[in-house]
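Participant: Take a look at data27.txt, compact mmCIF, C-alpha atoms:
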# COMPACT_ATOMS: atom_id res chain seq x y z
CA MET A 1189 0.00 0.00 0.00
CA THR A 1190 1.59 3.26 -1.10
CA GLY A 1191 0.59 6.89 -1.32
CA THR A 1192 -1.42 8.95 1.10
CA GLN A 1193 -4.22 7.11 2.85
CA GLY A 1194 -6.20 10.24 3.74
CA VAL A 1195 -6.42 12.35 6.89
CA ARG A 1196 -6.85 9.89 9.74
CA PRO A 1197 -8.61 10.79 13.00
CA THR A 1198 -6.76 9.76 16.13
CA LYS A 1199 -8.35 7.67 18.87
CA ARG A 1200 -8.60 10.89 20.84
CA CYS A 1201 -10.82 12.32 18.09
CA LEU A 1202 -13.00 9.21 17.96
CA ASP A 1203 -13.50 9.46 21.71
CA ASP A 1204 -14.38 13.15 21.47
CA LEU A 1205 -16.91 12.35 18.74
CA GLY A 1206 -18.34 9.43 20.69
CA ILE A 1207 -17.49 6.98 17.89
CA SER A 1208 -16.50 3.38 18.55
CA PRO A 1209 -13.71 2.12 16.25
CA PRO A 1210 -15.30 0.37 13.26
CA ALA A 1211 -14.31 -3.01 11.81
CA LEU A 1212 -10.89 -3.18 10.16
CA ASP A 1213 -12.38 -3.21 6.67
CA GLU A 1214 -13.41 0.43 7.19
CA PRO A 1215 -10.35 2.72 7.22
CA LEU A 1216 -10.76 5.52 9.73
CA HIS A 1217 -10.28 8.31 7.20
CA ARG A 1218 -13.37 7.08 5.34
CA LEU A 1219 -15.72 7.50 8.29
CA GLU A 1220 -18.69 9.68 7.38
CA ALA A 1221 -19.06 11.29 10.81
CA ASP A 1222 -18.48 15.05 10.83
CA PRO A 1223 -15.97 16.62 10.66
CA ILE A 1224 -13.82 13.75 9.29
CA PRO A 1225 -14.95 14.07 5.62
CA ALA A 1226 -14.10 17.79 5.60
CA ALA A 1227 -10.53 16.99 6.63
CA GLN A 1228 -9.87 14.87 3.55
CA SER A 1229 -9.25 17.90 1.33
CA PHE A 1230 -6.33 19.10 3.44
CA PRO A 1231 -3.46 17.42 1.52
CA GLU A 1232 -4.64 19.00 -1.73
CA VAL A 1233 -5.29 22.40 -0.17
CA TYR A 1234 -1.89 22.21 1.54
CA ASP A 1235 -0.18 21.74 -1.83
CA ALA A 1236 -2.01 24.83 -3.07
CA GLY A 1237 -0.92 26.84 -0.02
CA GLY A 1238 -4.47 27.43 1.17
CA LEU A 1239 -4.45 26.20 4.79
CA SER A 1240 -4.68 28.44 7.85
CA ARG A 1241 -2.30 27.74 10.72
CA ILE A 1242 -3.20 27.68 14.42
CA VAL A 1243 -0.65 30.32 15.40
CA SER A 1244 -1.13 29.87 19.15
CA ILE A 1245 0.27 26.31 18.93
CA LYS A 1246 3.91 27.11 18.36
CA ASP A 1247 5.80 23.87 18.87
CA ARG A 1248 4.71 22.39 15.54
CA VAL A 1249 2.47 23.27 12.61
CA TRP A 1250 -1.24 22.62 13.16
CA PHE A 1251 -3.88 23.75 10.67
CA LYS A 1252 -7.40 24.96 11.39
CA LEU A 1253 -10.36 22.84 10.33
CA LYS A 1254 -13.65 24.74 10.19
CA THR A 1255 -16.84 23.21 8.83
CA GLY A 1256 -20.27 24.27 10.11
CA ARG A 1257 -20.06 24.34 13.88
CA TRP A 1258 -17.16 21.88 13.94
CA ARG A 1259 -13.60 22.88 14.63
CA GLY A 1260 -10.48 20.77 14.44
CA ALA A 1261 -6.69 20.66 14.37
CA VAL A 1262 -4.91 18.86 11.54
CA THR A 1263 -1.19 18.23 11.16
CA ARG A 1264 1.20 16.65 8.68
CA LEU A 1265 3.94 14.47 10.16
CA THR A 1266 7.44 15.60 9.22
CA ASP A 1267 10.42 13.31 8.69
CA ARG A 1268 11.55 14.23 12.20
CA ASP A 1269 8.14 13.27 13.55
CA LEU A 1270 8.39 9.89 11.86
CA ALA A 1271 11.79 9.27 13.41
CA GLU A 1272 10.45 10.14 16.87
CA GLN A 1273 7.23 8.14 16.64
CA PRO A 1274 7.16 5.13 18.97
CA CYS A 1275 7.13 1.81 17.17
CA SER A 1276 5.30 -1.14 18.70
CA CYS A 1277 6.57 -3.46 15.98
CA GLU A 1278 8.30 -6.69 16.87
CA PRO A 1279 10.69 -7.93 15.72
CA ARG A 1280 12.91 -4.95 15.11
CA ALA A 1281 13.14 -5.82 11.41
CA ASP A 1282 9.56 -4.54 11.08
CA SER A 1283 10.54 -1.03 12.21
CA GLN A 1284 11.35 0.19 8.70
CA ALA A 1285 8.05 -1.14 7.39
CA HIS A 1286 6.33 0.71 10.23
CA LEU A 1287 8.03 3.99 9.28
CA THR A 1288 7.18 3.45 5.62
CA LEU A 1289 3.54 2.94 6.55
CA LEU A 1290 3.52 6.12 8.67
CA ALA A 1291 5.19 8.07 5.86
CA ALA A 1292 2.30 7.12 3.58
CA ASN A 1293 -0.12 8.34 6.26
CA ARG A 1294 1.36 11.66 7.31
CA TRP A 1295 -1.91 13.55 7.74
CA TRP A 1296 -3.77 13.32 11.06
CA LEU A 1297 -6.79 14.97 12.63
CA GLY A 1298 -5.52 15.40 16.19
CA ALA A 1299 -8.38 17.19 17.94
CA VAL A 1300 -12.02 18.10 17.26
CA GLY A 1301 -14.75 20.09 19.00
CA ARG A 1302 -17.85 22.16 18.40
CA ARG A 1303 -18.00 25.96 18.31
CA GLU A 1304 -20.20 27.32 21.04
CA ASP A 1305 -22.87 29.88 20.16
CA GLY A 1306 -21.50 33.39 20.33
CA SER A 1307 -17.86 32.32 20.30
CA GLY A 1308 -15.72 31.68 17.25
CA ASP A 1309 -12.41 30.81 18.89
CA ASP A 1310 -13.35 28.80 21.99
CA PHE A 1311 -12.11 25.49 20.59
CA TYR A 1312 -8.66 26.85 19.78
CA ALA A 1313 -8.42 28.65 23.13
CA ASN A 1314 -9.20 25.35 24.87
CA LEU A 1315 -6.65 23.62 22.68
CA VAL A 1316 -3.94 25.97 23.94
CA THR A 1317 -4.93 25.08 27.50
CA ILE A 1318 -4.71 21.37 26.70
CA CYS A 1319 -1.25 21.81 25.20
CA THR A 1320 0.15 24.11 27.90
CA SER A 1321 3.32 22.68 29.39
CA THR A 1322 6.09 23.65 31.76
CA TRP A 1323 9.11 25.44 30.38
CA SER A 1324 12.00 23.37 29.09
CA PRO A 1325 14.57 23.77 26.30
CA ALA A 1326 12.28 21.59 24.17
CA THR A 1327 9.20 23.70 25.02
CA PRO A 1328 10.40 27.32 25.25
CA ASP A 1329 6.87 28.60 24.54
CA ARG A 1330 5.41 26.29 27.22
CA ILE A 1331 3.40 24.50 24.53
CA ASP A 1332 3.62 20.77 23.90
CA SER A 1333 1.15 19.41 21.36
CA ARG A 1334 2.69 15.96 21.10
CA ARG A 1335 -0.28 14.56 23.03
CA LEU A 1336 -2.43 15.37 19.98
CA LEU A 1337 -0.24 13.29 17.68
CA PRO A 1338 -1.04 9.64 16.87
CA GLN A 1339 -0.25 7.35 19.79
CA THR A 1340 0.38 3.61 20.11
CA TRP A 1341 -3.30 2.74 19.55
CA ASP A 1342 -3.32 4.78 16.33
CA HIS A 1343 -0.19 3.03 15.05
CA ARG A 1344 -1.59 -0.41 15.82
CA ARG A 1345 -4.91 0.40 14.18
CA LEU A 1346 -3.14 1.63 11.05
CA GLN A 1347 -1.03 -1.53 10.88
CA ALA A 1348 -4.10 -3.71 11.46
CA GLU A 1349 -5.99 -1.98 8.64
CA GLN A 1350 -3.09 -2.55 6.27
CA THR A 1351 -2.76 -6.19 7.30
CA PHE A 1352 -6.49 -6.75 6.77
CA ALA A 1353 -6.31 -5.13 3.34
CA GLN A 1354 -3.33 -7.29 2.36
CA VAL A 1355 -5.13 -10.45 3.50
CA ARG A 1356 -8.14 -9.53 1.36
CA ILE A 1357 -5.87 -8.96 -1.64
CA PHE A 1358 -4.18 -12.34 -1.13
CA GLU A 1359 -7.56 -14.03 -0.80
CA ASN A 1360 -8.84 -12.52 -4.04
CA VAL A 1361 -5.66 -13.28 -5.97
CA MET A 1362 -5.39 -16.86 -4.71
CA VAL A 1363 -9.01 -17.64 -5.56
CA GLU A 1364 -8.77 -16.06 -9.02
CA ALA A 1365 -5.52 -17.89 -9.79
CA ALA A 1366 -6.96 -21.23 -8.59
CA ALA A 1367 -10.09 -20.72 -10.70
CA ARG A 1368 -8.02 -19.96 -13.80
CA SER A 1369 -5.93 -23.07 -13.26
CA LEU A 1370 -9.04 -25.22 -12.75
CA ARG A 1371 -10.42 -24.01 -16.07
CA CYS A 1372 -7.26 -24.23 -18.17
CA GLY A 1373 -5.22 -26.92 -16.37
CA LYS A 1374 -2.13 -24.72 -16.43
CA VAL A 1375 -0.17 -22.67 -13.93
CA ALA A 1376 -1.87 -19.36 -13.17
CA THR A 1377 0.50 -16.66 -12.02
CA ALA A 1378 0.16 -13.28 -10.31
CA GLN A 1379 2.76 -10.53 -10.04
CA PHE A 1380 2.96 -8.22 -7.02
CA SER A 1381 5.28 -5.24 -6.69
CA ARG A 1382 8.06 -7.19 -4.93
CA PHE A 1383 7.20 -10.86 -5.42
CA SER A 1384 5.26 -13.27 -7.59
CA MET A 1385 3.23 -16.43 -7.08
CA GLY A 1386 1.69 -19.22 -9.10
CA VAL A 1387 -1.05 -21.80 -8.55
CA VAL A 1388 -1.82 -25.02 -10.41
CA ILE A 1389 -4.52 -27.58 -9.68
CA ARG A 1390 -4.24 -31.11 -11.00
CA ALA A 1391 -5.79 -34.53 -10.46
CA ASP A 1392 -3.59 -37.33 -9.17
CA GLY A 1393 -5.67 -40.42 -9.85
CA PRO A 1394 -8.93 -40.02 -7.94
CA GLU A 1395 -7.40 -37.28 -5.79
CA GLN A 1396 -7.07 -33.62 -6.69
CA PHE A 1397 -4.30 -31.37 -5.39
CA VAL A 1398 -3.28 -27.74 -5.53
CA ALA A 1399 0.33 -26.63 -5.80
CA PHE A 1400 1.57 -23.17 -4.91
CA ILE A 1401 4.85 -21.48 -5.76
CA ALA A 1402 6.18 -18.19 -4.42
CA GLU A 1403 9.21 -16.19 -5.48
CA GLY A 1404 10.68 -13.33 -3.51
CA VAL A 1405 8.57 -13.97 -0.39
CA TYR A 1406 11.07 -13.95 2.47
CA ASP A 1407 8.72 -13.25 5.35
CA PRO A 1408 7.27 -16.54 6.66
CA LYS A 1409 4.27 -14.65 8.05
CA VAL A 1410 3.39 -13.35 4.58
CA LEU A 1411 3.83 -16.84 3.11
CA ALA A 1412 1.55 -18.30 5.78
CA VAL A 1413 -1.13 -15.68 5.08
CA MET A 1414 -0.99 -16.40 1.36
CA MET A 1415 -1.39 -20.15 1.82
CA ALA A 1416 -4.21 -19.64 4.31
CA SER A 1417 -6.09 -17.57 1.73
CA LEU A 1418 -7.35 -20.46 -0.40
CA PRO A 1419 -10.82 -21.62 0.76
CA GLY A 1420 -11.25 -25.33 1.33
CA VAL A 1421 -7.58 -25.90 2.15
CA ASP A 1422 -6.56 -26.22 5.77
CA PRO A 1423 -3.30 -24.29 6.39
CA GLY A 1424 -1.91 -27.40 8.10
CA ASP A 1425 -2.41 -29.49 4.93
CA TRP A 1426 0.28 -27.67 2.97
CA ALA A 1427 3.51 -29.65 2.59
CA PRO A 1428 6.79 -28.46 1.04
CA GLU A 1429 7.79 -29.89 -2.34
CA PRO A 1430 11.54 -29.22 -2.59
CA GLY A 1431 11.77 -31.26 -5.79
CA GLY A 1432 8.81 -29.56 -7.41
CA ILE A 1433 5.45 -30.92 -8.45
CA ALA A 1434 3.35 -30.81 -11.61
CA ASP A 1435 4.63 -27.90 -13.74
CA LEU A 1436 6.16 -26.13 -10.78
CA GLN A 1437 9.89 -26.57 -10.38
CA PRO A 1438 11.49 -24.38 -7.70
CA GLY A 1439 14.30 -22.13 -8.78
CA LEU A 1440 16.56 -19.80 -6.84
CA GLY A 1441 14.53 -17.98 -4.19
CA GLN A 1442 11.41 -20.02 -4.90
CA VAL A 1443 9.37 -22.31 -2.68
CA VAL A 1444 6.80 -24.90 -3.80
CA TRP A 1445 4.04 -26.30 -1.58
CA SER A 1446 1.14 -28.65 -2.24
CA ALA A 1447 -2.09 -29.66 -0.50
CA PRO A 1448 -5.09 -31.89 -1.25
CA LEU A 1449 -8.12 -30.12 -2.72
CA SER A 1450 -11.58 -31.67 -2.49
CA THR A 1451 -14.01 -31.56 -5.39
CA GLU A 1452 -16.36 -29.54 -3.17
CA ALA A 1453 -13.67 -26.94 -2.54
CA ALA A 1454 -12.86 -26.77 -6.26
CA ALA A 1455 -16.54 -26.26 -7.11
CA HIS A 1456 -16.75 -23.50 -4.50
CA ILE A 1457 -13.72 -21.73 -5.98
CA LEU A 1458 -15.25 -21.85 -9.46
CA ALA A 1459 -18.54 -20.52 -8.13
CA MET A 1460 -16.71 -17.59 -6.49
CA THR A 1461 -15.13 -16.48 -9.78
CA PRO A 1462 -17.41 -17.09 -12.80
CA SER A 1463 -15.62 -16.96 -16.14
CA ALA A 1464 -16.54 -14.40 -18.78
CA ASP A 1465 -18.73 -16.86 -20.70
CA GLU A 1466 -20.66 -18.00 -17.62
CA ASP A 1467 -23.87 -16.46 -16.35
CA VAL A 1468 -23.18 -14.12 -13.46
For this file, write the structure as structure tokens.
Facilitator:
Amino acid sequence: MTGTQGVRPTKRCLDDLGISPPALDEPLHRLEADPIPAAQSFPEVYDAGGLSRIVSIKDRVWFKLKTGRWRGAVTRLTDRDLAEQPCSCEPRADSQAHLTLLAANRWWLGAVGRREDGSGDDFYANLVTICTSTWSPATPDRIDSRRLLPQTWDHRRLQAEQTFAQVRIFENVMVEAAARSLRCGKVATAQFSRFSMGVVIRADGPEQFVAFIAEGVYDPKVLAVMMASLPGVDPGDWAPEPGGIADLQPGLGQVVWSAPLSTEAAAHILAMTPSADEDV
């Protein structure tokens, strides 16, 4: 997943809005609750130089969000912010992936509130109070707005959304590749940005099996997710085929696995992906 993923509300914002976190298939920046939709234009307006800064928050750049009676504070994480963000990833090798994910999600809605009748600046005055801090060399203006930035919950939610999206992609690709192989009897391949995979389904006497090959997949967790994505195949049924099987012969950096596939599972896969000449 690359590119900006929208302006994400923090857990603090969800709490202020009285919103429970939705299921992982609904990214937070796509929530329809005000004022989240209004924040989504900020990256584009920022590029055009049209945002208004909250000048009373001096320790970092926060922009004003005004829509109807709603007020908010939006920021864009800098490279320094990314380096200072806590990472809950384990093992340490995942830290770079975590930073890459944050870099693609720089925009955050850090605080929201409603304008009270007769007052146009109450939200921002309260925000200054919230961010007031003791003096230190790091906070010479006695303002510390780091508490408005994404916290550990926000990082974990972002990672969980990405993981869910990747699982759905693997599921779709595995099913489509298996269906193609069932129809043509050949290896069906799929190319991702950094790795590739292939699926072939054959009959071995009265039994039917599916074989899977992956190239460039070095993370065992990713490999496990991919092989768990084919319906009707128990993840524990996969067995390595170091010498290859069917038309799949492992080369350098490749791994081949096979598992039994019931006729019921094959029929279900075909039903999930009708071909172009079948009634939909």
Participant: Of the residues A:Thr1340, A:Thr1461, A:Thr1322, A:Ser1446, which is the one nearest to Gly1386 (chain A), using all atoms listed in the file?
Facilitator: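 Going through A:Thr1340, A:Thr1461, A:Thr1322, A:Ser1446 one by one, the smallest distance to Gly1386 (chain A) is for A:Ser1446.
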Participant: A:Phe1400, A:Ser1229, A:Val1413, A:Tyr1312: which is nearest Gly1432 (chain A), counting all atoms listed in the file?
Facilitator: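 For Gly1432 (chain A), the nearest of the given residues is A:Phe1400.
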Participant: In the coordinates of the file, take the point (1.0, -1.2, 5.1) and a cut-off of 7 Å; then, counting all atoms listed in the file, name each qualifying protein, DNA or RNA residue as a list in words.
Facilitator: Met1189, Leu1289, Gln1347, Gln1350 and Thr1351 of chain A
Participant: So how many Å separate CA of Gly1256 (chain A) and CA of Gly1194 (chain A), to one decimal?
Facilitator: 20.9 Å
Participant: Please report the interatomic distance between CA of Arg1264 (chain A) and CA of Leu1346 (chain A) in Å with one decimal.
Facilitator: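 Taking CA of Arg1264 (chain A) and CA of Leu1346 (chain A), their separation equals 15.8 Å.
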Participant: Between CA of Asp1204 (chain A) and CA of Arg1334 (chain A), what is the spacing in Å?
Facilitator: 17.3 Å
Participant: Please identify all polymer residues within 6 Å of Ile1331 (chain A), counting only C-alpha atoms, omitting same-chain residues fewer than 2 positions from it, and present them as a list in words.
Facilitator: Cys1319, Thr1320, Ser1321, Thr1327 and Asp1329 of chain A
Participant: Keeping C-alpha atoms, export the residues of the selection given above as a tab-separated table (two decimals), in the coordinates of the input.
Facilitator:
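selection_16.tsv, freshly written:
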chain	number	residue	atom	x	y	z
A	1319	CYS	CA	-1.25	21.81	25.20
A	1320	THR	CA	0.15	24.11	27.90
A	1321	SER	CA	3.32	22.68	29.39
A	1327	THR	CA	9.20	23.70	25.02
A	1329	ASP	CA	6.87	28.60	24.54
Participant: Neighbouring residues of Gln1228 (chain A) were defined as those with any atom within 12 Å, considering all atoms listed in the file; residues of the same chain fewer than 3 positions away were excluded. Please report them as a PyMOL selection string.
Facilitator: chain A and resi 1192-1197+1216-1220+1222-1225+1231-1234+1253+1262+1295-1297
Participant: Show which residues sit within 12 Å of region 1362-1377 of chain A, as an NGL selection string. Count all atoms listed in the file, and ignore same-chain residues fewer than 5 positions away.
Facilitator: :A and (1355-1357 or 1383-1391 or 1396-1403 or 1413-1421 or 1433-1437 or 1449 or 1451 or 1453-1466)
Participant: Output C-alpha atoms of each residue in that selection to a file, as a PDB file, keeping the file's coordinate frame.
Facilitator:
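File again36.pdb, as written:
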ATOM      1  CA  VAL A1355      -5.130 -10.450   3.500  1.00  0.00           C
ATOM      2  CA  ARG A1356      -8.140  -9.530   1.360  1.00  0.00           C
ATOM      3  CA  ILE A1357      -5.870  -8.960  -1.640  1.00  0.00           C
ATOM      4  CA  PHE A1383       7.200 -10.860  -5.420  1.00  0.00           C
ATOM      5  CA  SER A1384       5.260 -13.270  -7.590  1.00  0.00           C
ATOM      6  CA  MET A1385       3.230 -16.430  -7.080  1.00  0.00           C
ATOM      7  CA  GLY A1386       1.690 -19.220  -9.100  1.00  0.00           C
ATOM      8  CA  VAL A1387      -1.050 -21.800  -8.550  1.00  0.00           C
ATOM      9  CA  VAL A1388      -1.820 -25.020 -10.410  1.00  0.00           C
ATOM     10  CA  ILE A1389      -4.520 -27.580  -9.680  1.00  0.00           C
ATOM     11  CA  ARG A1390      -4.240 -31.110 -11.000  1.00  0.00           C
ATOM     12  CA  ALA A1391      -5.790 -34.530 -10.460  1.00  0.00           C
ATOM     13  CA  GLN A1396      -7.070 -33.620  -6.690  1.00  0.00           C
ATOM     14  CA  PHE A1397      -4.300 -31.370  -5.390  1.00  0.00           C
ATOM     15  CA  VAL A1398      -3.280 -27.740  -5.530  1.00  0.00           C
ATOM     16  CA  ALA A1399       0.330 -26.630  -5.800  1.00  0.00           C
ATOM     17  CA  PHE A1400       1.570 -23.170  -4.910  1.00  0.00           C
ATOM     18  CA  ILE A1401       4.850 -21.480  -5.760  1.00  0.00           C
ATOM     19  CA  ALA A1402       6.180 -18.190  -4.420  1.00  0.00           C
ATOM     20  CA  GLU A1403       9.210 -16.190  -5.480  1.00  0.00           C
ATOM     21  CA  VAL A1413      -1.130 -15.680   5.080  1.00  0.00           C
ATOM     22  CA  MET A1414      -0.990 -16.400   1.360  1.00  0.00           C
ATOM     23  CA  MET A1415      -1.390 -20.150   1.820  1.00  0.00           C
ATOM     24  CA  ALA A1416      -4.210 -19.640   4.310  1.00  0.00           C
ATOM     25  CA  SER A1417      -6.090 -17.570   1.730  1.00  0.00           C
ATOM     26  CA  LEU A1418      -7.350 -20.460  -0.400  1.00  0.00           C
ATOM     27  CA  PRO A1419     -10.820 -21.620   0.760  1.00  0.00           C
ATOM     28  CA  GLY A1420     -11.250 -25.330   1.330  1.00  0.00           C
ATOM     29  CA  VAL A1421      -7.580 -25.900   2.150  1.00  0.00           C
ATOM     30  CA  ILE A1433       5.450 -30.920  -8.450  1.00  0.00           C
ATOM     31  CA  ALA A1434       3.350 -30.810 -11.610  1.00  0.00           C
ATOM     32  CA  ASP A1435       4.630 -27.900 -13.740  1.00  0.00           C
ATOM     33  CA  LEU A1436       6.160 -26.130 -10.780  1.00  0.00           C
ATOM     34  CA  GLN A1437       9.890 -26.570 -10.380  1.00  0.00           C
ATOM     35  CA  LEU A1449      -8.120 -30.120  -2.720  1.00  0.00           C
ATOM     36  CA  THR A1451     -14.010 -31.560  -5.390  1.00  0.00           C
ATOM     37  CA  ALA A1453     -13.670 -26.940  -2.540  1.00  0.00           C
ATOM     38  CA  ALA A1454     -12.860 -26.770  -6.260  1.00  0.00           C
ATOM     39  CA  ALA A1455     -16.540 -26.260  -7.110  1.00  0.00           C
ATOM     40  CA  HIS A1456     -16.750 -23.500  -4.500  1.00  0.00           C
ATOM     41  CA  ILE A1457     -13.720 -21.730  -5.980  1.00  0.00           C
ATOM     42  CA  LEU A1458     -15.250 -21.850  -9.460  1.00  0.00           C
ATOM     43  CA  ALA A1459     -18.540 -20.520  -8.130  1.00  0.00           C
ATOM     44  CA  MET A1460     -16.710 -17.590  -6.490  1.00  0.00           C
ATOM     45  CA  THR A1461     -15.130 -16.480  -9.780  1.00  0.00           C
ATOM     46  CA  PRO A1462     -17.410 -17.090 -12.800  1.00  0.00           C
ATOM     47  CA  SER A1463     -15.620 -16.960 -16.140  1.00  0.00           C
ATOM     48  CA  ALA A1464     -16.540 -14.400 -18.780  1.00  0.00           C
ATOM     49  CA  ASP A1465     -18.730 -16.860 -20.700  1.00  0.00           C
ATOM     50  CA  GLU A1466     -20.660 -18.000 -17.620  1.00  0.00           C
TER      51      GLU A1466
END
Participant: Nearest residue to Lys1254 (chain A) out of A:Arg1330, A:Arg1345, A:Arg1302, A:Lys1199, using all atoms listed in the file?
Facilitator: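 Residue with the minimum atom-to-atom distance to Lys1254 (chain A): A:Arg1302.
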